[in-house]
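Okay, structure-v1.csv is below, CSV, C-alpha atoms:
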chain,number,residue,atom,x,y,z
G,1,MET,CA,15.7,-29.8,6.7
G,2,GLN,CA,18.5,-27.2,7.1
G,3,ARG,CA,19.3,-24.7,4.3
G,4,SER,CA,22.6,-26.5,3.4
G,5,GLN,CA,20.7,-29.8,3.0
G,6,MET,CA,18.0,-28.0,1.0
G,7,LEU,CA,20.5,-26.5,-1.4
G,8,ARG,CA,22.1,-29.9,-2.0
G,9,SER,CA,19.0,-32.1,-2.3
G,10,GLY,CA,16.2,-29.7,-3.4
G,11,ALA,CA,12.9,-31.5,-3.2
G,12,SER,CA,14.3,-35.0,-3.5
G,13,ARG,CA,14.0,-35.8,0.2
G,14,GLY,CA,11.3,-35.9,2.9
G,15,VAL,CA,10.1,-32.3,3.0
G,16,SER,CA,9.6,-31.2,-0.5
G,17,ARG,CA,9.9,-27.7,-2.0
G,18,PRO,CA,8.3,-28.1,-5.4
G,19,VAL,CA,10.0,-25.8,-7.9
G,20,LEU,CA,7.9,-23.9,-10.3
G,21,ALA,CA,8.9,-23.0,-13.9
G,22,ARG,CA,11.0,-19.9,-14.4
G,23,ALA,CA,9.1,-16.9,-15.8
G,24,THR,CA,9.7,-16.5,-19.5
G,25,ALA,CA,7.1,-13.9,-20.4
G,26,PRO,CA,7.4,-10.2,-19.6
G,27,ALA,CA,5.3,-9.1,-16.7
G,28,SER,CA,2.3,-6.8,-17.4
G,29,PRO,CA,1.9,-3.4,-15.9
G,30,MET,CA,-0.7,-4.9,-13.5
G,31,ALA,CA,1.6,-7.7,-12.5
G,32,HIS,CA,4.3,-5.0,-11.6
G,33,LEU,CA,1.7,-3.1,-9.6
G,34,LEU,CA,0.7,-6.2,-7.6
G,35,ASP,CA,4.3,-6.5,-6.4
G,36,ALA,CA,5.0,-2.7,-6.1
G,37,GLY,CA,3.8,-2.3,-2.5
G,38,VAL,CA,1.1,-0.7,-0.6
G,39,LEU,CA,2.2,2.9,-1.1
G,40,PRO,CA,2.1,2.8,-4.9
G,41,GLN,CA,-1.2,1.0,-4.8
G,42,GLN,CA,-2.7,3.6,-2.5
G,43,GLN,CA,-1.3,6.4,-4.7
G,44,MET,CA,-2.9,4.8,-7.8
G,45,MET,CA,-6.3,4.5,-6.0
G,46,GLN,CA,-6.1,8.1,-4.7
G,47,ALA,CA,-5.5,9.3,-8.2
G,48,GLY,CA,-8.5,7.3,-9.5
G,49,LYS,CA,-6.3,5.1,-11.7
G,50,LEU,CA,-7.0,1.9,-9.7
G,51,SER,CA,-9.8,0.5,-7.6
G,52,SER,CA,-9.7,-2.0,-4.7
G,53,HIS,CA,-12.1,-4.2,-6.7
G,54,ALA,CA,-9.6,-4.3,-9.6
G,55,LEU,CA,-6.7,-4.9,-7.4
G,56,THR,CA,-8.4,-7.7,-5.5
G,57,SER,CA,-9.6,-9.3,-8.7
G,58,GLN,CA,-6.0,-9.4,-10.1
G,59,TYR,CA,-4.7,-11.0,-6.9
G,60,LEU,CA,-7.4,-13.6,-7.1
G,61,VAL,CA,-6.4,-14.4,-10.7
G,62,ARG,CA,-2.8,-14.8,-9.5
G,63,ILE,CA,-3.8,-17.1,-6.6
G,64,ARG,CA,-5.9,-19.3,-8.8
G,65,SER,CA,-3.2,-19.5,-11.5
G,66,LEU,CA,-0.5,-20.4,-8.9
G,67,CYS,CA,-2.7,-23.1,-7.4
G,68,SER,CA,-3.4,-24.6,-10.9
G,69,ILE,CA,0.1,-24.9,-12.3
G,70,GLY,CA,2.4,-26.2,-9.6
G,71,ALA,CA,1.1,-26.1,-6.1
G,72,ARG,CA,-1.4,-28.9,-6.2
G,73,ALA,CA,0.3,-30.6,-3.4
G,74,TYR,CA,-0.1,-27.4,-1.3
G,75,PRO,CA,-3.6,-26.2,-2.2
G,76,GLY,CA,-3.9,-24.6,1.3
G,77,ILE,CA,-5.6,-21.3,0.5
G,78,GLU,CA,-9.3,-20.7,1.0
G,79,ILE,CA,-10.6,-17.7,-1.0
G,80,ASN,CA,-13.0,-15.4,0.8
G,81,PRO,CA,-16.2,-15.5,-1.3
G,82,ASP,CA,-17.0,-12.0,-0.1
G,83,ALA,CA,-13.6,-10.5,-1.0
G,84,LEU,CA,-14.8,-8.6,-4.1
G,85,LYS,CA,-17.9,-7.4,-2.3
G,86,ILE,CA,-15.7,-6.0,0.5
G,87,ALA,CA,-13.5,-4.4,-2.0
G,88,LEU,CA,-16.4,-2.6,-3.7
G,89,GLU,CA,-17.5,-1.3,-0.3
G,90,MET,CA,-14.0,0.1,0.3
G,91,ASP,CA,-14.2,1.8,-3.2
G,92,ARG,CA,-17.5,3.4,-2.3
G,93,GLU,CA,-16.1,4.8,0.9
G,94,ARG,CA,-13.1,6.2,-1.0
G,95,GLN,CA,-15.5,7.9,-3.5
G,96,VAL,CA,-17.1,9.8,-0.6
G,97,HIS,CA,-13.6,10.7,0.7
G,98,LYS,CA,-13.6,8.2,3.6
G,99,VAL,CA,-10.2,6.6,3.7
G,100,ARG,CA,-9.5,4.7,6.9
G,101,GLY,CA,-5.8,4.6,6.6
G,102,PRO,CA,-2.9,3.1,4.6
G,103,LEU,CA,-4.6,-0.4,4.4
G,104,HIS,CA,-7.8,0.9,3.0
G,105,GLY,CA,-8.8,-1.4,0.1
G,106,ILE,CA,-5.6,-3.5,0.3
G,107,PRO,CA,-6.0,-7.3,0.1
G,108,VAL,CA,-4.6,-9.3,3.1
G,109,VAL,CA,-4.3,-13.1,3.6
G,110,LEU,CA,-4.7,-14.5,7.1
G,111,ARG,CA,-3.3,-17.7,8.7
G,112,ASP,CA,-6.2,-20.2,8.7
G,113,ASN,CA,-6.2,-20.4,12.6
G,114,ILE,CA,-7.3,-16.8,12.9
G,115,ALA,CA,-11.1,-16.7,13.4
G,116,THR,CA,-13.2,-14.7,10.9
G,117,GLY,CA,-17.0,-14.4,11.4
G,118,ASP,CA,-17.7,-15.1,7.7
G,119,ARG,CA,-18.1,-18.0,5.3
G,120,MET,CA,-14.4,-19.0,5.6
G,121,LYS,CA,-13.4,-21.8,7.9
G,122,THR,CA,-11.1,-21.5,10.9
G,123,HIS,CA,-8.6,-24.2,11.8
G,124,THR,CA,-8.0,-24.4,15.5
G,125,GLN,CA,-6.8,-27.3,17.8
G,126,ALA,CA,-10.1,-29.0,17.1
G,127,PRO,CA,-10.0,-32.0,14.7
G,128,LEU,CA,-12.2,-30.3,12.1
G,129,ALA,CA,-12.3,-26.8,10.8
G,130,THR,CA,-15.3,-24.8,11.9
G,131,HIS,CA,-17.0,-21.5,11.0
G,132,ALA,CA,-16.4,-18.9,13.7
G,133,SER,CA,-19.4,-17.1,15.2
G,134,CYS,CA,-17.6,-13.8,15.1
G,135,ASP,CA,-14.3,-12.1,14.1
G,136,SER,CA,-11.2,-12.5,16.2
G,137,PHE,CA,-9.5,-9.3,17.5
G,138,VAL,CA,-7.1,-9.5,14.6
G,139,ALA,CA,-9.8,-9.9,11.9
G,140,ALA,CA,-11.9,-7.1,13.5
G,141,ARG,CA,-9.0,-4.7,13.6
G,142,LEU,CA,-8.1,-5.4,10.0
G,143,ARG,CA,-11.7,-4.8,8.8
G,144,ALA,CA,-11.7,-1.6,10.9
G,145,ALA,CA,-8.6,-0.5,9.1
G,146,GLY,CA,-10.2,-1.0,5.7
G,147,ALA,CA,-8.2,-4.1,4.7
G,148,VAL,CA,-9.8,-6.7,2.3
G,149,ILE,CA,-9.4,-10.1,3.8
G,150,ILE,CA,-9.0,-12.0,0.6
G,151,GLY,CA,-8.4,-15.5,1.9
G,152,LYS,CA,-7.0,-17.8,4.6
G,153,SER,CA,-4.2,-20.3,4.3
G,154,ASN,CA,-1.5,-22.3,6.1
G,155,LEU,CA,1.8,-20.5,5.8
G,156,ARG,CA,3.8,-23.7,6.4
G,157,GLN,CA,2.3,-25.1,3.2
G,158,TRP,CA,3.0,-22.1,1.1
G,159,ALA,CA,6.5,-21.6,2.5
G,160,ALA,CA,7.4,-24.9,0.9
G,161,VAL,CA,6.6,-23.6,-2.6
G,162,SER,CA,9.5,-21.9,-4.4
G,163,VAL,CA,10.6,-20.7,-7.8
G,164,PRO,CA,14.2,-20.4,-9.0
G,165,HIS,CA,16.0,-17.4,-7.4
G,166,ALA,CA,12.9,-16.5,-5.4
G,167,SER,CA,10.0,-17.8,-3.4
G,168,ALA,CA,6.5,-17.7,-4.9
G,169,SER,CA,4.8,-17.6,-1.6
G,170,TRP,CA,3.1,-14.7,0.1
G,171,ALA,CA,4.8,-12.0,-2.0
G,172,GLY,CA,3.0,-13.5,-5.0
G,173,LEU,CA,-0.3,-14.3,-3.5
G,174,THR,CA,-0.9,-10.8,-2.0
G,175,ILE,CA,1.1,-7.9,-0.8
G,176,LEU,CA,0.3,-8.4,2.9
G,177,ALA,CA,-0.2,-11.4,5.1
G,178,VAL,CA,-0.9,-12.1,8.8
G,179,ASP,CA,0.5,-15.2,10.5
G,180,SER,CA,0.3,-16.5,14.0
G,181,ALA,CA,3.0,-17.5,16.5
G,182,ALA,CA,1.1,-20.5,17.7
G,183,ASP,CA,3.9,-22.7,16.5
G,184,GLY,CA,6.6,-20.0,16.1
G,185,SER,CA,5.9,-19.7,12.4
G,186,ILE,CA,5.9,-16.0,11.7
G,187,VAL,CA,9.6,-15.1,11.0
G,188,ALA,CA,10.9,-18.4,9.5
G,189,PRO,CA,8.4,-18.7,6.6
G,190,ALA,CA,8.8,-15.0,5.9
G,191,SER,CA,12.6,-15.3,5.7
G,192,ASN,CA,12.2,-18.2,3.3
G,193,CYS,CA,10.0,-16.0,1.1
G,194,GLY,CA,12.2,-13.0,1.2
G,195,LEU,CA,9.7,-11.0,3.2
G,196,VAL,CA,9.8,-8.8,6.3
G,197,ALA,CA,7.9,-10.2,9.3
G,198,ILE,CA,7.3,-8.9,12.8
G,199,LYS,CA,6.6,-11.1,15.8
G,200,PRO,CA,5.5,-8.5,18.4
G,201,THR,CA,5.9,-8.6,22.1
G,202,GLY,CA,3.4,-10.7,24.0
G,203,ARG,CA,-0.2,-11.0,22.9
G,204,THR,CA,-1.5,-9.2,19.9
G,205,ALA,CA,-4.5,-11.5,19.2
G,206,GLY,CA,-7.0,-12.1,21.9
G,207,GLY,CA,-10.2,-13.8,22.6
G,208,GLN,CA,-11.7,-17.0,21.2
G,209,GLY,CA,-10.8,-20.5,22.3
G,210,GLY,CA,-8.0,-21.9,20.2
G,211,GLU,CA,-7.1,-18.5,18.8
G,212,PRO,CA,-3.3,-18.0,18.5
G,213,ALA,CA,-1.7,-16.0,21.3
G,214,THR,CA,0.3,-13.7,19.0
G,215,ALA,CA,-0.3,-12.6,15.4
G,216,GLY,CA,2.2,-10.6,13.4
G,217,PRO,CA,2.5,-9.1,9.9
G,218,MET,CA,4.4,-10.2,6.8
G,219,ALA,CA,5.1,-7.6,4.1
G,220,PRO,CA,7.6,-6.7,1.4
G,221,SER,CA,9.0,-3.8,3.5
G,222,VAL,CA,9.5,-2.8,7.1
G,223,ARG,CA,7.2,0.3,6.6
G,224,GLU,CA,4.4,-1.9,5.3
G,225,ALA,CA,4.8,-4.4,8.0
G,226,ALA,CA,4.7,-1.6,10.6
G,227,TRP,CA,1.5,-0.3,9.0
G,228,LEU,CA,-0.1,-3.7,9.3
G,229,LEU,CA,1.2,-4.2,12.9
G,230,ALA,CA,-0.4,-0.8,13.8
G,231,ALA,CA,-3.7,-2.1,12.4
G,232,LEU,CA,-3.5,-5.3,14.4
G,233,THR,CA,-2.8,-3.6,17.6
G,234,GLY,CA,-5.1,-0.7,17.2
G,235,GLU,CA,-2.3,1.7,17.9
G,236,ARG,CA,-1.2,4.7,15.8
G,237,LEU,CA,2.0,4.0,13.9
G,238,ALA,CA,3.5,7.4,14.9
G,239,ASP,CA,3.3,6.6,18.6
G,240,GLY,CA,6.9,6.1,19.7
G,241,LEU,CA,8.1,5.2,16.1
G,242,THR,CA,10.2,7.2,13.7
G,243,LEU,CA,11.3,5.5,10.5
G,244,ASP,CA,14.5,7.2,9.4
G,245,LEU,CA,17.9,6.2,8.1
G,246,ALA,CA,19.6,6.8,11.5
G,247,GLY,CA,17.8,4.0,13.4
G,248,LEU,CA,21.0,2.1,14.0
G,249,GLN,CA,23.1,5.1,15.1
G,250,GLY,CA,24.5,4.5,18.6
G,251,ARG,CA,22.7,1.1,19.1
G,252,ARG,CA,24.5,-1.7,21.0
G,253,ILE,CA,23.8,-4.9,19.2
G,254,GLY,CA,24.8,-8.4,20.2
G,255,VAL,CA,25.7,-11.0,17.6
G,256,ALA,CA,23.9,-14.3,18.4
G,257,ARG,CA,26.7,-16.7,17.3
G,258,SER,CA,24.6,-19.7,18.5
G,259,LEU,CA,22.4,-19.1,15.4
G,260,PHE,CA,25.4,-19.5,13.0
G,261,GLY,CA,27.0,-22.7,11.7
G,262,LEU,CA,24.0,-24.3,10.0
G,263,CYS,CA,25.0,-23.2,6.4
G,264,ALA,CA,28.3,-21.6,5.4
G,265,GLY,CA,26.6,-19.6,2.6
G,266,THR,CA,24.1,-18.1,5.1
G,267,ASP,CA,26.8,-17.3,7.5
G,268,ALA,CA,28.7,-15.4,4.8
G,269,VAL,CA,25.6,-13.3,4.0
G,270,ILE,CA,25.0,-12.4,7.6
G,271,GLU,CA,28.7,-11.5,8.1
G,272,GLN,CA,28.2,-8.9,5.3
G,273,ALA,CA,25.0,-7.7,7.1
G,274,LEU,CA,27.1,-7.2,10.3
G,275,LEU,CA,29.5,-4.9,8.3
G,276,VAL,CA,26.5,-2.9,7.2
G,277,LEU,CA,25.3,-2.5,10.8
G,278,ARG,CA,28.7,-1.2,11.8
G,279,GLU,CA,28.7,1.2,8.8
G,280,GLN,CA,25.3,2.5,9.9
G,281,GLY,CA,26.6,3.4,13.4
G,282,ALA,CA,25.8,0.4,15.5
G,283,GLU,CA,28.3,-1.0,18.1
G,284,LEU,CA,28.5,-4.8,17.8
G,285,ILE,CA,29.1,-6.9,20.8
G,286,GLU,CA,29.9,-10.6,21.0
G,287,PRO,CA,28.1,-11.8,24.1
G,288,PRO,CA,28.1,-15.4,25.4
G,289,PRO,CA,25.2,-17.6,24.3
G,290,ALA,CA,21.9,-17.1,26.1
G,291,SER,CA,20.9,-20.1,28.3
G,292,GLY,CA,17.9,-21.2,30.2
G,293,SER,CA,14.4,-19.8,30.5
G,294,GLY,CA,14.4,-16.1,29.9
G,295,GLY,CA,18.1,-16.3,28.8
G,296,ILE,CA,17.8,-13.9,25.9
G,297,GLU,CA,16.2,-11.1,27.9
G,298,ALA,CA,18.7,-11.6,30.7
G,299,LEU,CA,21.5,-11.4,28.1
G,300,LEU,CA,20.1,-8.2,26.6
G,301,ARG,CA,19.8,-6.7,30.0
G,302,SER,CA,23.2,-7.7,31.5
G,303,HIS,CA,25.1,-6.4,28.4
G,304,ALA,CA,22.9,-3.3,28.0
G,305,LEU,CA,22.0,-4.4,24.4
G,306,ASP,CA,19.4,-2.9,22.3
G,307,ALA,CA,19.0,-6.0,20.2
G,308,LEU,CA,20.5,-9.4,19.2
G,309,VAL,CA,21.0,-10.2,15.5
G,310,GLY,CA,21.7,-13.4,13.6
G,311,PRO,CA,20.5,-15.5,10.7
G,312,THR,CA,16.7,-16.1,10.8
G,313,CYS,CA,16.1,-19.8,11.7
G,314,HIS,CA,14.3,-22.0,14.1
G,315,GLY,CA,17.0,-21.6,16.8
G,316,VAL,CA,15.0,-19.0,18.8
G,317,SER,CA,12.3,-20.5,21.0
G,318,PRO,CA,8.8,-19.9,19.6
G,319,GLN,CA,7.5,-19.6,23.2
G,320,SER,CA,9.6,-16.4,23.6
G,321,ASP,CA,7.5,-13.3,24.3
G,322,LEU,CA,10.3,-11.1,22.9
G,323,PRO,CA,9.8,-9.1,19.7
G,324,HIS,CA,11.5,-10.5,16.7
G,325,ILE,CA,11.8,-9.0,13.2
G,326,THR,CA,13.3,-10.6,10.1
G,327,VAL,CA,14.5,-8.5,7.1
G,328,PRO,CA,15.8,-9.8,3.8
G,329,ALA,CA,19.7,-9.9,3.9
G,330,GLY,CA,20.5,-11.5,0.5
G,331,MET,CA,20.4,-14.9,-1.3
G,332,VAL,CA,22.2,-18.2,-1.1
G,333,GLY,CA,21.7,-20.7,-4.0
G,334,GLY,CA,18.6,-18.9,-5.2
G,335,LEU,CA,17.0,-18.9,-1.7
G,336,PRO,CA,16.4,-15.8,0.4
G,337,VAL,CA,18.3,-15.3,3.7
G,338,GLY,CA,16.8,-13.2,6.5
G,339,LEU,CA,18.6,-11.2,9.2
G,340,SER,CA,16.8,-11.4,12.6
G,341,PHE,CA,16.6,-8.6,15.1
G,342,ILE,CA,15.5,-9.7,18.6
G,343,GLY,CA,14.8,-7.1,21.2
G,344,PRO,CA,13.7,-6.7,24.8
G,345,ALA,CA,10.0,-7.0,25.7
G,346,HIS,CA,8.0,-4.0,24.6
G,347,GLY,CA,11.0,-2.8,22.6
G,348,ASP,CA,9.1,-3.3,19.3
G,349,MET,CA,9.2,0.3,18.1
G,350,ALA,CA,13.0,0.6,18.6
G,351,LEU,CA,13.5,-2.8,16.9
G,352,ILE,CA,11.4,-1.7,13.9
G,353,ALA,CA,13.5,1.5,13.6
G,354,MET,CA,16.7,-0.6,13.5
G,355,ALA,CA,15.3,-3.0,11.0
G,356,TYR,CA,14.2,-0.1,8.8
G,357,ALA,CA,17.6,1.5,8.8
G,358,TYR,CA,19.2,-1.8,7.8
G,359,GLU,CA,16.7,-2.4,5.1
G,360,GLN,CA,17.1,1.0,3.6
G,361,ALA,CA,20.9,0.7,3.6
G,362,THR,CA,20.8,-2.6,1.7
G,363,LEU,CA,17.5,-3.0,-0.2
G,364,HIS,CA,18.2,-6.7,-0.6
G,365,ARG,CA,14.6,-7.8,-1.3
G,366,ARG,CA,13.9,-9.1,-4.8
G,367,THR,CA,10.4,-9.6,-6.3
G,368,PRO,CA,9.6,-13.3,-6.9
G,369,ALA,CA,10.0,-14.4,-10.6
G,370,LEU,CA,6.6,-15.9,-11.0
G,371,PRO,CA,5.9,-18.4,-13.8
G,372,SER,CA,5.0,-17.0,-17.2
G,373,SER,CA,1.4,-18.5,-17.1
G,374,ILE,CA,0.7,-16.2,-14.2
G,375,THR,CA,2.1,-13.0,-15.8
G,376,LEU,CA,0.2,-13.9,-19.0
G,377,ALA,CA,-3.1,-14.2,-17.0
G,378,LEU,CA,-2.6,-10.7,-15.6
G,379,ARG,CA,-2.3,-9.0,-19.0
Just dump the structure as structure tokens.
Amino acid sequence: MQRSQMLRSGASRGVSRPVLARATAPASPMAHLLDAGVLPQQQMMQAGKLSSHALTSQYLVRIRSLCSIGARAYPGIEINPDALKIALEMDRERQVHKVRGPLHGIPVVLRDNIATGDRMKTHTQAPLATHASCDSFVAARLRAAGAVIIGKSNLRQWAAVSVPHASASWAGLTILAVDSAADGSIVAPASNCGLVAIKPTGRTAGGQGGEPATAGPMAPSVREAAWLLAALTGERLADGLTLDLAGLQGRRIGVARSLFGLCAGTDAVIEQALLVLREQGAELIEPPPASGSGGIEALLRSHALDALVGPTCHGVSPQSDLPHITVPAGMVGGLPVGLSFIGPAHGDMALIAMAYAYEQATLHRRTPALPSSITLALR
């Protein structure tokens, strides 16, 4: 269902988007902290005012509350029974001044087809879910970075759950999530939820049969998504990446007009985003539509473009090996709209820098307005 149809018909047709009740109770300080981001959470833990165990516990309260009040048709999250135990271990490490990095003690949700060698099931192409014998590359890297794998879910299910003027998906369940590109599902659900997502070049995940070829991060901000991507790849974030406000200066960016025309409201939001790109020093080009296998990369190369931009949608082939980032660009009818940056192969770092500069110039993301029963449970 296209966004224009969704705005007209809501959940009354085929693919439903059940709407949860608007929040009416003021959020507690803990509820604000859950949505504040990784950096404030780490600062609180470093100051001894918050523990990973307490943070993980509160996310679990939120997940169970959300599942119980409006998402019964989309139960798709399996809670890790060892999550609190892992969080305690991360707290013990912090007490002896062992901090593995920016994800230390931070809860993360995984797509359910990413193998974890624990008591949670893994959904692959096999008819039935199974228990993996060992961690996938992605899960192993996250554990090495100190992240707390709090659960596994199907993002397609949770991307269908929304609240008025926001989406109560991953931004509400936990601050960070990892999805797979097995069906091209990294950037589109994130855009629907008002989140940043990065589909990296080529193959990030590796290994077990049925494991997705590419895994990418979802997060509230570009910086947090970059931290999570660094953990997934095992690379240092600083290598080749500078996050500053000048990331768009002098960049040649093509406008992917083939992605426009699905919804007038979305097009209007993206036109405003194009103005921001120009204001931030980018040169905008109107190239012809890409065509054929490898058409996007050929277009980037032939016009000497650093990136293509357009509204985030399913118009880009999920089989593409090119890096793709979506950043919140505004709202239409209470639903988030994402701006896509698509770059050449292995141009991930430059693409992240451009996305960061746009994000910081606009700060469009809004925290989901979760139902009052959830905010009350977190008091």
Task: Which residue of G:Gln95, G:Thr326, G:Asn80, G:Thr367 approaches Gly117 (chain G) most closely, using all atoms listed in the file - done: G:Asn80
Task: Neighbour list for Val332 (chain G) as an MDAnalysis selection string, cut-off 8 Å, only C-alpha atoms, skip fewer than 6 positions in-chain - done: chainID G and resid 265:266 269
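Taking CA of Ala225 (chain G) and CA of Ala304 (chain G) as the two end points, the separation is 27.0 Å.
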Task: Nearest to Ile77 (chain G) by atom-to-atom distance, counting all atoms listed in the file, from G:Gln280, G:Thr312, G:Ser340, G:Thr122 - done: G:Thr122
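Closest to Gly254 (chain G) among G:Leu322, G:Ile296, G:Ile352, G:Leu232 is G:Ile296, based on only C-alpha atoms.
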Open item on the list: One decimal, in Å: what's the spacing between CA of Met354 (chain G) and CA of Gly281 (chain G)?
Closed with: 10.7 Å
